[in-house]
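Asks: The following file, final-v3.cif, comprises mmCIF, C-alpha atoms:
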data_start
#
loop_
_atom_site.label_atom_id
_atom_site.label_comp_id
_atom_site.auth_asym_id
_atom_site.auth_seq_id
_atom_site.Cartn_x
_atom_site.Cartn_y
_atom_site.Cartn_z
CA MET A 1 3.16 -9.97 -106.46
CA GLY A 2 3.22 -11.00 -110.10
CA GLU A 3 1.13 -13.66 -111.71
CA LEU A 4 3.07 -16.80 -112.41
CA VAL A 5 2.02 -20.15 -113.75
CA VAL A 6 4.21 -23.08 -112.79
CA LYS A 7 4.21 -26.55 -114.34
CA LYS A 8 6.49 -29.52 -114.10
CA ILE A 9 8.38 -30.53 -117.27
CA GLU A 10 10.48 -33.67 -117.00
CA ALA A 11 12.90 -32.99 -114.13
CA LYS A 12 12.51 -29.22 -114.32
CA ASN A 13 9.82 -26.56 -114.12
CA ILE A 14 8.28 -24.16 -116.57
CA VAL A 15 7.51 -20.79 -115.03
CA TRP A 16 5.38 -18.42 -117.08
CA PHE A 17 5.51 -14.73 -116.16
CA LYS A 18 2.31 -12.94 -117.09
CA ASN A 19 3.83 -9.46 -117.07
CA SER A 20 6.44 -10.21 -119.70
CA ASN A 21 4.76 -13.23 -121.34
CA SER A 22 8.03 -15.15 -120.87
CA TYR A 23 8.43 -18.87 -120.42
CA LEU A 24 11.40 -19.98 -118.29
CA VAL A 25 12.57 -23.56 -117.89
CA LEU A 26 14.27 -23.77 -114.49
CA GLU A 27 15.65 -26.16 -111.91
CA PRO A 28 13.10 -26.96 -109.18
CA ILE A 29 15.08 -25.23 -106.43
CA VAL A 30 15.24 -22.01 -108.46
CA THR A 31 11.50 -22.28 -109.09
CA LYS A 32 10.82 -22.63 -105.36
CA ILE A 33 12.98 -19.60 -104.62
CA LEU A 34 11.15 -17.59 -107.30
CA LEU A 35 7.80 -18.55 -105.77
CA LYS A 36 9.00 -17.47 -102.33
CA ILE A 37 10.16 -14.15 -103.80
CA ASN A 38 6.79 -13.77 -105.47
CA LYS A 39 5.08 -14.31 -102.09
CA LYS A 40 7.37 -11.65 -100.59
CA VAL A 41 9.10 -14.08 -98.24
CA SER A 42 12.07 -12.29 -96.63
CA LEU A 43 15.60 -12.74 -97.93
CA GLU A 44 16.68 -14.11 -94.53
CA GLU A 45 13.97 -16.76 -94.55
CA ILE A 46 14.86 -17.79 -98.10
CA GLU A 47 18.56 -17.96 -97.15
CA THR A 48 17.77 -20.19 -94.18
CA TRP A 49 15.78 -22.48 -96.42
CA VAL A 50 18.41 -22.66 -99.18
CA ILE A 51 21.28 -23.29 -96.74
CA LYS A 52 19.55 -26.56 -95.76
CA LYS A 53 19.41 -27.61 -99.41
CA VAL A 54 22.68 -26.44 -100.90
CA ASP A 55 26.18 -27.07 -99.63
CA ALA A 56 27.90 -23.71 -100.11
CA PRO A 57 29.06 -20.81 -97.90
CA LYS A 58 26.45 -18.28 -96.73
CA ASN A 59 27.83 -15.44 -98.84
CA VAL A 60 27.70 -17.53 -102.03
CA ILE A 61 24.13 -18.59 -101.28
CA LYS A 62 23.18 -14.97 -100.63
CA LYS A 63 24.60 -13.97 -104.04
CA PHE A 64 22.67 -16.84 -105.63
CA ILE A 65 19.39 -15.65 -104.11
CA VAL A 66 20.05 -12.01 -104.98
CA ASP A 67 20.71 -13.08 -108.58
CA ILE A 68 17.36 -14.87 -108.58
CA TYR A 69 15.71 -11.68 -107.30
CA SER A 70 17.13 -9.95 -110.41
CA LEU A 71 15.83 -12.74 -112.63
CA TYR A 72 12.42 -12.32 -111.02
CA SER A 73 12.41 -8.54 -111.44
CA GLU A 74 13.49 -8.66 -115.07
CA ASN A 75 10.77 -11.10 -116.02
CA ASN A 76 8.10 -9.60 -113.83
CA ARG A 77 8.42 -6.24 -115.54
CA VAL A 78 5.37 -5.35 -117.58
CA THR A 79 6.29 -5.13 -121.25
CA LYS A 80 3.68 -2.85 -122.70
CA GLU A 81 2.97 -3.11 -126.37
CA ALA A 82 3.26 0.23 -128.14
CA LEU A 83 -0.17 1.82 -128.39
CA LEU A 84 -1.62 1.86 -131.85
CA ASP A 85 -1.01 5.22 -133.46
CA THR A 86 -4.49 6.21 -134.60
CA SER A 87 -3.40 9.63 -135.77
CA ASN A 88 -4.39 11.03 -139.10
CA TYR A 89 -4.64 8.76 -142.00
CA LYS A 90 -6.78 8.97 -145.05
CA VAL A 91 -8.44 5.99 -146.64
CA PRO A 92 -7.81 6.24 -150.37
CA THR A 93 -10.72 7.16 -152.61
CA LYS A 94 -9.42 4.85 -155.33
CA PHE A 95 -8.10 1.34 -154.97
CA PHE A 96 -5.98 -0.68 -157.39
CA SER A 97 -8.23 -3.71 -156.93
CA LYS A 98 -11.09 -5.20 -154.99
CA LYS A 99 -11.60 -8.84 -154.24
CA GLN A 100 -14.38 -10.79 -152.61
CA TYR A 101 -13.65 -14.00 -150.78
CA SER A 102 -16.17 -16.50 -149.51
CA ILE A 103 -14.95 -18.02 -146.25
CA LYS A 104 -17.34 -20.20 -144.27
CA ASN A 105 -20.32 -18.67 -146.07
CA ARG A 106 -19.26 -15.14 -145.17
CA ILE A 107 -18.22 -12.62 -147.78
CA PHE A 108 -15.05 -10.67 -147.11
CA PHE A 109 -14.69 -7.60 -149.30
CA PHE A 110 -11.04 -6.59 -149.69
CA GLN A 111 -9.77 -3.36 -151.19
CA PHE A 112 -6.06 -3.10 -152.05
CA GLU A 113 -4.49 0.26 -152.77
CA ASN A 114 -1.76 -1.19 -154.99
CA GLU A 115 -0.45 -4.36 -156.59
CA TYR A 116 2.21 -4.90 -153.93
CA LEU A 117 -0.40 -4.99 -151.16
CA GLU A 118 -2.69 -7.20 -153.21
CA SER A 119 0.14 -9.69 -153.73
CA LYS A 120 0.67 -9.92 -149.96
CA ILE A 121 -2.83 -11.23 -149.37
CA HIS A 122 -4.59 -12.38 -152.52
CA LEU A 123 -2.36 -15.26 -153.58
CA ILE A 124 -3.15 -17.49 -150.60
CA PHE A 125 -6.87 -16.76 -150.78
CA ALA A 126 -7.35 -16.65 -154.56
CA HIS A 127 -9.12 -20.04 -154.59
CA LEU A 128 -11.80 -18.54 -152.31
CA GLU A 129 -12.54 -15.62 -154.62
CA VAL A 130 -16.13 -15.03 -155.67
CA LYS A 131 -17.49 -12.35 -157.96
CA ASN A 132 -20.40 -9.98 -158.13
CA GLN A 133 -21.60 -10.40 -154.57
CA THR A 134 -24.16 -7.74 -153.75
CA LYS A 135 -23.63 -7.94 -150.01
CA PHE A 136 -20.61 -8.48 -147.82
CA HIS A 137 -20.10 -9.16 -144.14
CA PHE A 138 -16.67 -7.60 -143.66
CA ASN A 139 -14.72 -4.84 -145.41
CA TYR A 140 -10.92 -5.07 -145.21
CA GLN A 141 -9.06 -2.07 -146.63
CA VAL A 142 -5.32 -2.21 -147.12
CA PHE A 143 -3.33 0.86 -148.15
CA GLU A 144 -0.12 2.80 -147.57
CA ASN A 145 0.40 5.99 -145.65
CA LYS A 146 3.78 7.66 -144.95
CA ASN A 147 5.62 4.50 -146.00
CA LEU A 148 3.62 2.30 -143.65
CA ILE A 149 1.09 -0.41 -144.48
CA LEU A 150 -2.30 0.34 -142.93
CA PHE A 151 -5.15 -2.10 -142.38
CA VAL A 152 -8.64 -0.78 -141.74
CA LYS A 153 -11.47 -3.21 -141.03
CA ASN A 154 -15.07 -2.03 -141.17
CA LYS A 155 -13.81 1.56 -140.93
CA LYS A 156 -11.68 0.88 -137.83
CA LEU A 157 -7.87 1.08 -137.96
CA ILE A 158 -6.43 -2.30 -136.94
CA GLY A 159 -2.73 -1.60 -137.38
CA ARG A 160 0.21 0.07 -139.12
CA TRP A 161 3.41 -1.68 -140.10
CA LYS A 162 6.73 -0.92 -141.76
CA LYS A 163 7.26 -2.85 -144.96
CA GLU A 164 10.04 -4.90 -143.31
CA GLN A 165 7.29 -6.12 -140.98
CA ALA A 166 4.99 -7.12 -143.83
CA HIS A 167 4.83 -10.70 -142.49
CA VAL A 168 3.40 -9.33 -139.22
CA PHE A 169 0.81 -7.37 -141.21
CA GLN A 170 -0.06 -10.59 -143.06
CA GLY A 171 -0.42 -12.34 -139.72
CA LYS A 172 -2.77 -9.66 -138.46
CA ILE A 173 -4.97 -10.00 -141.56
CA SER A 174 -4.96 -13.77 -141.01
CA MET A 175 -5.92 -13.34 -137.36
CA GLN A 176 -8.77 -10.98 -138.15
CA LEU A 177 -10.02 -13.38 -140.83
CA LEU A 178 -9.89 -16.17 -138.27
CA ILE A 179 -11.82 -14.13 -135.71
CA ASP A 180 -14.46 -13.12 -138.25
CA CYS A 181 -14.72 -16.53 -139.91
CA TYR A 182 -15.46 -18.36 -136.66
CA LYS A 183 -16.92 -15.41 -134.69
CA LYS A 184 -14.41 -16.10 -131.94
CA PRO A 185 -12.59 -13.08 -130.46
CA GLU A 186 -8.84 -13.09 -129.94
CA GLU A 187 -9.14 -13.95 -126.26
CA ASP A 188 -10.78 -17.28 -127.16
CA TRP A 189 -7.71 -18.47 -129.05
CA MET A 190 -4.93 -20.33 -127.25
CA GLY A 191 -2.30 -19.91 -129.95
CA VAL A 192 -1.39 -19.76 -133.59
CA PHE A 193 1.45 -22.04 -134.66
CA HIS A 194 3.89 -21.76 -137.50
CA ALA A 195 3.17 -25.29 -138.59
CA SER A 196 1.13 -27.39 -140.94
CA ALA A 197 -1.69 -29.55 -139.64
CA VAL A 198 -3.54 -32.60 -140.93
CA SER A 199 -6.36 -34.72 -139.64
CA ASN A 200 -7.94 -38.12 -140.11
CA GLY A 201 -11.33 -36.59 -139.44
CA LYS A 202 -11.09 -37.36 -135.72
CA GLU A 203 -7.80 -35.96 -134.47
CA SER A 204 -5.10 -33.66 -135.75
CA LEU A 205 -1.32 -33.69 -136.02
CA LEU A 206 0.89 -30.63 -136.13
CA PHE A 207 4.05 -30.58 -138.22
CA LEU A 208 6.65 -28.14 -137.03
CA GLY A 209 10.08 -27.23 -138.23
CA ASP A 210 12.34 -24.57 -139.60
CA SER A 211 11.55 -22.90 -142.87
CA GLY A 212 12.33 -25.35 -145.66
CA SER A 213 12.05 -28.46 -143.47
CA GLY A 214 9.14 -29.93 -145.42
CA LYS A 215 6.02 -28.96 -143.49
CA SER A 216 4.02 -27.76 -146.49
CA THR A 217 5.17 -30.49 -148.85
CA SER A 218 4.32 -33.17 -146.29
CA LEU A 219 0.92 -31.56 -145.79
CA ALA A 220 0.23 -31.64 -149.55
CA LEU A 221 1.34 -35.28 -149.77
CA LEU A 222 -0.90 -36.27 -146.90
CA ASN A 223 -3.84 -34.27 -148.26
CA ALA A 224 -3.52 -36.25 -151.49
CA ASN A 225 -3.45 -39.52 -149.57
CA GLY A 226 -6.63 -39.50 -147.58
CA PHE A 227 -5.91 -36.96 -144.86
CA ASP A 228 -7.66 -33.62 -144.42
CA CYS A 229 -5.70 -30.42 -144.62
CA ILE A 230 -6.35 -28.32 -141.55
CA ALA A 231 -3.90 -25.52 -142.24
CA ASP A 232 -0.56 -24.51 -143.72
CA ASP A 233 1.78 -22.05 -141.98
CA PHE A 234 -0.92 -20.67 -139.67
CA VAL A 235 -2.51 -23.28 -137.39
CA PRO A 236 -5.05 -21.83 -134.96
CA ILE A 237 -5.93 -23.64 -131.75
CA ASP A 238 -8.63 -22.33 -129.44
CA ASN A 239 -8.61 -22.35 -125.64
CA ASN A 240 -10.59 -25.55 -125.70
CA GLN A 241 -7.46 -27.06 -127.31
CA ASP A 242 -9.21 -27.63 -130.66
CA ALA A 243 -7.37 -27.09 -133.93
CA TYR A 244 -9.47 -25.24 -136.50
CA THR A 245 -9.34 -25.32 -140.28
CA TYR A 246 -7.71 -22.30 -141.87
CA PRO A 247 -8.48 -22.17 -145.60
CA ALA A 248 -5.33 -20.49 -146.95
CA ALA A 249 -3.59 -22.19 -149.88
CA ILE A 250 -0.56 -24.39 -149.30
CA SER A 251 2.68 -22.66 -150.36
CA ILE A 252 4.69 -25.03 -152.50
CA LYS A 253 8.30 -24.16 -153.22
CA LYS A 254 9.71 -24.82 -156.68
CA LYS A 255 11.91 -27.71 -155.54
CA SER A 256 8.88 -29.64 -154.23
CA VAL A 257 6.93 -29.51 -157.49
CA PRO A 258 8.41 -32.71 -159.01
CA THR A 259 7.57 -34.62 -155.79
CA LEU A 260 3.98 -33.41 -155.82
CA LEU A 261 3.16 -33.50 -159.54
CA PRO A 262 2.12 -37.18 -159.55
CA PHE A 263 -0.49 -36.37 -156.90
CA TYR A 264 -1.37 -32.90 -158.14
CA PRO A 265 -1.11 -32.84 -161.95
CA GLU A 266 -2.87 -29.46 -161.77
CA LEU A 267 0.34 -28.02 -160.30
CA ASP A 268 1.65 -27.86 -163.83
CA LYS A 269 -0.94 -25.24 -164.70
CA ILE A 270 -0.74 -23.31 -161.44
CA ALA A 271 1.21 -20.09 -161.89
CA GLU A 272 4.59 -19.59 -160.28
CA HIS A 273 5.09 -16.51 -158.18
CA HIS A 274 8.46 -15.01 -157.58
CA LEU A 275 8.53 -13.65 -154.04
CA LYS A 276 11.47 -11.28 -154.49
CA GLU A 277 11.94 -10.35 -150.83
CA LEU A 278 11.97 -14.00 -149.80
CA HIS A 279 14.11 -15.21 -152.73
CA LYS A 280 11.54 -17.92 -153.26
CA ILE A 281 9.50 -19.14 -156.19
CA VAL A 282 6.22 -20.59 -154.97
CA ARG A 283 2.96 -21.96 -156.26
CA TYR A 284 -0.22 -21.79 -154.22
CA LEU A 285 -2.07 -25.05 -154.01
CA PRO A 286 -5.70 -24.90 -152.84
CA PRO A 287 -6.38 -27.44 -150.08
CA ARG A 288 -8.66 -30.31 -151.05
CA ASN A 289 -12.05 -30.48 -149.28
CA ILE A 290 -11.92 -27.49 -146.92
CA ASN A 291 -14.05 -28.47 -143.94
CA TYR A 292 -14.79 -25.63 -141.52
CA ASP A 293 -16.66 -27.91 -139.15
CA LEU A 294 -13.53 -29.74 -138.04
CA LYS A 295 -12.55 -28.86 -134.48
CA LEU A 296 -10.05 -31.46 -133.53
CA LYS A 297 -7.89 -32.35 -130.59
CA CYS A 298 -4.22 -32.65 -131.32
CA LYS A 299 -2.66 -36.07 -131.07
CA ALA A 300 1.02 -35.21 -131.28
CA LEU A 301 3.60 -32.65 -132.33
CA ILE A 302 5.83 -33.83 -135.16
CA PHE A 303 9.07 -31.98 -135.74
CA ILE A 304 9.59 -32.83 -139.36
CA LYS A 305 12.69 -32.68 -141.50
CA TYR A 306 13.26 -33.78 -145.06
CA ASN A 307 16.67 -35.45 -145.38
CA PRO A 308 17.67 -37.18 -148.63
CA GLU A 309 20.00 -39.48 -146.67
CA VAL A 310 17.31 -40.86 -144.38
CA GLU A 311 14.49 -42.98 -145.73
CA MET A 312 12.21 -42.73 -142.72
CA GLU A 313 13.04 -42.34 -139.07
CA ILE A 314 10.83 -41.36 -136.18
CA LYS A 315 11.79 -41.01 -132.54
CA PRO A 316 10.31 -39.35 -129.49
CA ILE A 317 12.02 -36.16 -128.41
CA SER A 318 12.19 -34.73 -124.95
CA LYS A 319 9.50 -32.28 -123.95
CA ILE A 320 12.11 -29.68 -123.11
CA ASP A 321 13.62 -29.95 -126.61
CA ALA A 322 10.16 -29.72 -128.15
CA PHE A 323 9.25 -26.74 -125.95
CA GLN A 324 12.44 -24.93 -126.88
CA GLN A 325 11.65 -25.35 -130.58
CA LEU A 326 7.96 -24.56 -130.29
CA ILE A 327 7.79 -21.34 -128.27
CA PRO A 328 9.85 -18.82 -130.30
CA ASP A 329 7.95 -19.68 -133.47
CA SER A 330 4.46 -19.42 -132.01
CA TRP A 331 2.00 -16.78 -130.99
CA ILE A 332 0.57 -17.85 -127.64
CA SER A 333 -2.17 -15.84 -126.00
CA PRO A 334 -0.74 -13.68 -123.18
CA ILE A 335 -3.93 -14.11 -121.12
CA GLU A 336 -3.26 -16.16 -117.98
CA LYS A 337 -6.12 -18.60 -118.49
CA ASN A 338 -4.98 -19.30 -122.07
CA ALA A 339 -1.29 -19.62 -121.15
CA THR A 340 -2.31 -22.20 -118.55
CA VAL A 341 -4.38 -24.09 -121.12
CA PHE A 342 -1.44 -23.93 -123.52
CA LEU A 343 0.97 -25.43 -120.97
CA GLU A 344 -1.47 -28.19 -120.06
CA TRP A 345 -2.03 -28.89 -123.76
CA PHE A 346 1.67 -29.01 -124.56
CA LEU A 347 2.62 -31.16 -121.57
CA GLU A 348 0.04 -33.81 -122.49
CA LEU A 349 1.22 -34.07 -126.09
CA PRO A 350 3.87 -36.52 -127.27
CA SER A 351 6.53 -34.93 -129.47
CA TYR A 352 8.45 -36.74 -132.20
CA GLN A 353 11.29 -35.99 -134.57
CA LEU A 354 10.41 -37.37 -138.01
CA THR A 355 13.13 -37.39 -140.64
CA TYR A 356 12.38 -38.73 -144.09
CA SER A 357 12.88 -38.79 -147.82
CA ASN A 358 10.60 -41.71 -148.68
CA ASN A 359 7.11 -40.25 -149.14
CA SER A 360 5.17 -43.53 -148.87
CA LYS A 361 6.91 -44.42 -145.64
CA MET A 362 6.19 -40.99 -144.22
CA ILE A 363 2.50 -41.33 -145.09
CA GLU A 364 2.42 -44.82 -143.59
CA THR A 365 4.05 -43.55 -140.39
CA VAL A 366 1.52 -40.74 -140.05
CA SER A 367 -1.23 -43.29 -140.49
CA LYS A 368 0.29 -45.40 -137.70
CA ILE A 369 0.50 -42.39 -135.41
CA PHE A 370 -3.21 -41.75 -135.87
CA LYS A 371 -4.00 -45.41 -135.22
CA ASP A 372 -1.68 -45.62 -132.15
CA GLU A 373 0.34 -48.28 -133.96
CA LEU A 374 3.74 -46.64 -133.76
CA MET B 375 21.05 -18.66 -143.45
CA LYS B 376 17.75 -18.87 -141.64
CA LYS B 377 18.60 -22.26 -140.12
CA LYS B 378 21.87 -20.88 -138.79
CA ASN B 379 19.99 -17.97 -137.27
CA GLU B 380 17.47 -20.36 -135.74
CA ASN B 381 20.25 -22.41 -134.12
CA ILE B 382 21.76 -19.22 -132.75
CA THR B 383 18.31 -18.27 -131.38
CA ARG B 384 18.08 -21.62 -129.59
CA LYS B 385 21.54 -21.19 -128.07
CA GLU B 386 20.64 -17.66 -127.02
CA ALA B 387 17.73 -19.13 -125.08
CA ILE B 388 20.21 -20.75 -122.65
CA LYS B 389 21.03 -18.34 -119.82
CA LYS B 390 22.88 -18.41 -116.54
CA ILE B 391 21.63 -16.78 -113.35
CA GLY B 392 25.22 -16.16 -112.24
CA SER B 393 28.66 -17.60 -111.80
CA TYR B 394 29.71 -18.96 -108.41
CA GLY B 395 33.38 -19.76 -108.78
CA LYS B 396 34.31 -23.23 -107.61
CA TYR B 397 30.70 -23.96 -106.66
CA THR B 398 30.01 -25.29 -110.12
CA ALA B 399 26.93 -27.16 -108.94
CA LEU B 400 25.30 -23.81 -108.14
CA THR B 401 26.29 -22.44 -111.54
CA ALA B 402 24.71 -25.52 -113.11
CA ILE B 403 21.50 -25.16 -111.07
CA GLY B 404 21.40 -21.55 -112.22
CA THR B 405 21.31 -22.48 -115.92
CA TYR B 406 17.90 -21.96 -117.46
CA LEU B 407 16.03 -21.40 -120.70
CA LEU B 408 14.32 -18.10 -121.49
CA LEU B 409 11.74 -18.43 -124.25
CA ASN B 410 9.47 -15.74 -125.61
CA PRO B 411 6.63 -16.44 -127.98
CA LYS B 412 5.87 -14.08 -130.84
CA THR B 413 4.07 -10.94 -129.82
CA ALA B 414 1.93 -11.06 -132.94
CA GLN B 415 0.52 -13.76 -135.16
CA ALA B 416 2.99 -13.33 -138.03
CA ARG B 417 3.00 -15.49 -141.14
CA SER B 418 6.31 -17.01 -142.31
CA PRO B 419 9.02 -14.41 -141.69
CA ILE B 420 11.02 -12.72 -144.42
CA ALA B 421 14.04 -14.94 -144.94
CA PRO B 422 15.26 -17.32 -147.62
CA GLY B 423 13.88 -20.79 -147.12
CA GLY B 424 15.65 -24.13 -147.42
CA GLY B 425 14.12 -24.71 -150.81
CA PHE B 426 12.14 -27.91 -150.02
#
Output the file's structure in the form of structure tokens.

Replies:
Amino acid sequence: MGELVVKKIEAKNIVWFKNSNSYLVLEPIVTKILLKINKKVSLEEIETWVIKKVDAPKNVIKKFIVDIYSLYSENNRVTKEALLDTSNYKVPTKFFSKKQYSIKNRIFFFQFENEYLESKIHLIFAHLEVKNQTKFHFNYQVFENKNLILFVKNKKLIGRWKKEQAHVFQGKISMQLLIDCYKKPEEDWMGVFHASAVSNGKESLLFLGDSGSGKSTSLALLNANGFDCIADDFVPIDNNQDAYTYPAAISIKKKSVPTLLPFYPELDKIAEHHLKELHKIVRYLPPRNINYDLKLKCKALIFIKYNPEVEMEIKPISKIDAFQQLIPDSWISPIEKNATVFLEWFLELPSYQLTYSNNSKMIETVSKIFKDEL
Amino acid sequence: MKKKNENITRKEAIKKIGSYGKYTALTAIGTYLLLNPKTAQARSPIAPGGGF
């Protein structure tokens, strides 16, 4: 018997399989059959039950049920993550650079073996850099070994990644920073979302969307217009459903600079960085007023999209549509208790599609959402 | 390019349990979504952005 979590979503069901950490959106009758299979109800009993519900010949129904058995088996298979290869590696004796960052009054001492590795991490945390600290709380060492990127924290190997997976390495650094900053282990986090998040001091809103849809630019606009920046690109939510501040800089693409300059004249002096692998030119904007004490419930999910042909349009979207967009882009804890919390959290949240090109109207709409005046 | 890939990913999420000939209602009931979250907390993936 596998562990499944089942929830209702509109006229269908979500079934989460613990063993494969998969989320399936299914018709209710298929869900019921899956649950019977999971309880080891006999094929004959399931057939008898289905025949009463579905008008089709016995042999067709049998095939249907057997196909659902296959679906069950495929998703109930344990997908084991490859064990971390802890075999020989040597921490370099010399590093290209060392940086100290102050995050929530804790000093993180980073050592980068080369400029490439430094560029992967430093740029989004540069505004947190401090100098000449005599003590540190955490030591993060980043170096290369046999063409892999290695990350060692406080003398313990955390992971190894190929360079094509550098964004996963960056995510791991971010996760470890999160864990150390708030002293909350990984199992206390519900999920990390590829989104931007703002707050009005009382509640938070998540902005989701494809790369280039306007999440970061909208965040910067809102941060300059009275809203707090919770996070850009990496939004952590704990298993109490609270969104936490993550202090990384906001990545601003070149095309957004003219839009933001009136609000951030300092952007003019902030250096451009050419991210060759991403074919992007970005500037890193420090968030205004980083507040680590904010732990805020989420009010809504906003799927945002900049569109020069639309001034400002907001409409609710179906939960199934929102779910389909949210899951593949998110890390959600594979622990059953957290997956359950995640589903309950998601199903309570309204989801909207917001399309805009008029900044003031977008800001006004966000304000209305917070005030329940939509 | 990334947006096209993301649309393909969403279409790939739609699956069918099986095909049941003229019993199209069964085929329809057997349509489902299979969604997998990321296995690790990655930052923005390596791909050209939309430029906004």

Asks: Any idea what the distance is between CA of Ile14 in chain A and CA of Thr405 in chain B?

Replies: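 Separation of CA of Ile14 in chain A and CA of Thr405 in chain B: 13.2 Å.
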
Asks: Exactly which residues make up the result of the PyMOL selection byres ((chain A) within 7 of (chain B)) on this file, given as a PyMOL selection string?

Replies: chain A and resi 21-27+60+67-68+167-168+170-172+175+192+210-214+233-234+253+255-256+277-280+327-332

Asks: Please list as a ChimeraX atom specification every residue within 9 Å of range 290-292 of chain A, counting only C-alpha atoms and excluding residues in the same chain fewer than 4 positions away.

Replies: /A:103-104,182,228-230,244-247,286

Asks: For the provided coordinates, the residues matched by the PyMOL selection byres ((chain A and resi 350) around 12) should be stated as a list in words.

Replies: Leu205, Leu206, Cys298, Lys299, Ala300, Leu301, Ile302, Phe303, Lys315, Pro316, Ile317, Ser318, Lys319, Ile320, Asp321, Ala322, Phe323, Trp345, Phe346, Leu347, Glu348, Leu349, Ser351, Tyr352, Gln353, Ile369 and Asp372 of chain A

Asks: Evaluate the PyMOL selection byres ((chain A and resi 91) around 12) on the structure here and hand back the selected residues as a list in words.

Replies: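 After applying the PyMOL selection byres ((chain A and resi 91) around 12), what remains is Asn88, Tyr89, Lys90, Pro92, Thr93, Lys94, Phe95, Gln111, Phe112, Glu113, Tyr140, Gln141, Val142, Phe143, Glu144, Asn145, Ile149, Leu150, Phe151, Val152, Lys153, Asn154, Lys155, Lys156 and Leu157 of chain A.
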
Asks: Contacts of Glu364 in chain A at 12 Å or less, counting all atoms listed in the file, minus same-chain residues fewer than 6 places along, as a ChimeraX atom specification?

Replies: /A:221-222,225-227,312-314,356,358,370-371,373-374

Asks: Go ahead and dump the residues you just picked, C-alpha atoms, as a PDB file, in the coordinates of the input.

Replies:
ATOM      1  CA  LEU A 221       1.340 -35.280-149.770  1.00  0.00           C
ATOM      2  CA  LEU A 222      -0.900 -36.270-146.900  1.00  0.00           C
ATOM      3  CA  ASN A 225      -3.450 -39.520-149.570  1.00  0.00           C
ATOM      4  CA  GLY A 226      -6.630 -39.500-147.580  1.00  0.00           C
ATOM      5  CA  PHE A 227      -5.910 -36.960-144.860  1.00  0.00           C
ATOM      6  CA  MET A 312      12.210 -42.730-142.720  1.00  0.00           C
ATOM      7  CA  GLU A 313      13.040 -42.340-139.070  1.00  0.00           C
ATOM      8  CA  ILE A 314      10.830 -41.360-136.180  1.00  0.00           C
ATOM      9  CA  TYR A 356      12.380 -38.730-144.090  1.00  0.00           C
ATOM     10  CA  ASN A 358      10.600 -41.710-148.680  1.00  0.00           C
ATOM     11  CA  PHE A 370      -3.210 -41.750-135.870  1.00  0.00           C
ATOM     12  CA  LYS A 371      -4.000 -45.410-135.220  1.00  0.00           C
ATOM     13  CA  GLU A 373       0.340 -48.280-133.960  1.00  0.00           C
ATOM     14  CA  LEU A 374       3.740 -46.640-133.760  1.00  0.00           C
TER      15      LEU A 374
END

Asks: List the spatial neighbours of Gly201 in chain A as a ChimeraX atom specification - criterion: any atom at most 9 Å away, only C-alpha atoms, same-chain residues fewer than 2 positions off excluded.

Replies: /A:198-199,203-204,227-228,294,296

Asks: So how far away is CA of Ala224 in chain A from CA of Ile304 in chain A, in Å?

Replies: 18.2 Å

Asks: May I have the residues within 10 Å of Arg283 in chain A as a tab-separated table (two decimals) with C-alpha atoms, keeping the file's coordinate frame, using only C-alpha atoms and disregarding those fewer than 3 positions away in the same chain?

Replies:
chain	number	residue	atom	x	y	z
A	123	LEU	CA	-2.36	-15.26	-153.58
A	124	ILE	CA	-3.15	-17.49	-150.60
A	249	ALA	CA	-3.59	-22.19	-149.88
A	250	ILE	CA	-0.56	-24.39	-149.30
A	251	SER	CA	2.68	-22.66	-150.36
A	252	ILE	CA	4.69	-25.03	-152.50
A	253	LYS	CA	8.30	-24.16	-153.22
A	254	LYS	CA	9.71	-24.82	-156.68
A	256	SER	CA	8.88	-29.64	-154.23
A	257	VAL	CA	6.93	-29.51	-157.49
A	267	LEU	CA	0.34	-28.02	-160.30
A	268	ASP	CA	1.65	-27.86	-163.83
A	269	LYS	CA	-0.94	-25.24	-164.70
A	270	ILE	CA	-0.74	-23.31	-161.44
A	271	ALA	CA	1.21	-20.09	-161.89
A	272	GLU	CA	4.59	-19.59	-160.28
A	273	HIS	CA	5.09	-16.51	-158.18
A	274	HIS	CA	8.46	-15.01	-157.58
A	280	LYS	CA	11.54	-17.92	-153.26
A	286	PRO	CA	-5.70	-24.90	-152.84

Asks: Can you tell me, as JSON, numbers by chain, what residues are no more than 8 Å from Asn76 in chain A when counting all atoms listed in the file, ignoring any on the same chain fewer than 5 positions away?

Replies: {"A": [2, 17, 18, 19, 20]}

Asks: For each of A:Val282, A:Val30, A:Val50, A:Val41, take the minimum atom-to-atom distance to Leu71 in chain A, counting only C-alpha atoms, then give the residue where this is smallest.

Replies: A:Val30

Asks: As an exercise, work out the distance from CA of Glu44 in chain A to CA of Ser73 in chain A in Å and give it to one decimal place.

Replies: 18.3 Å
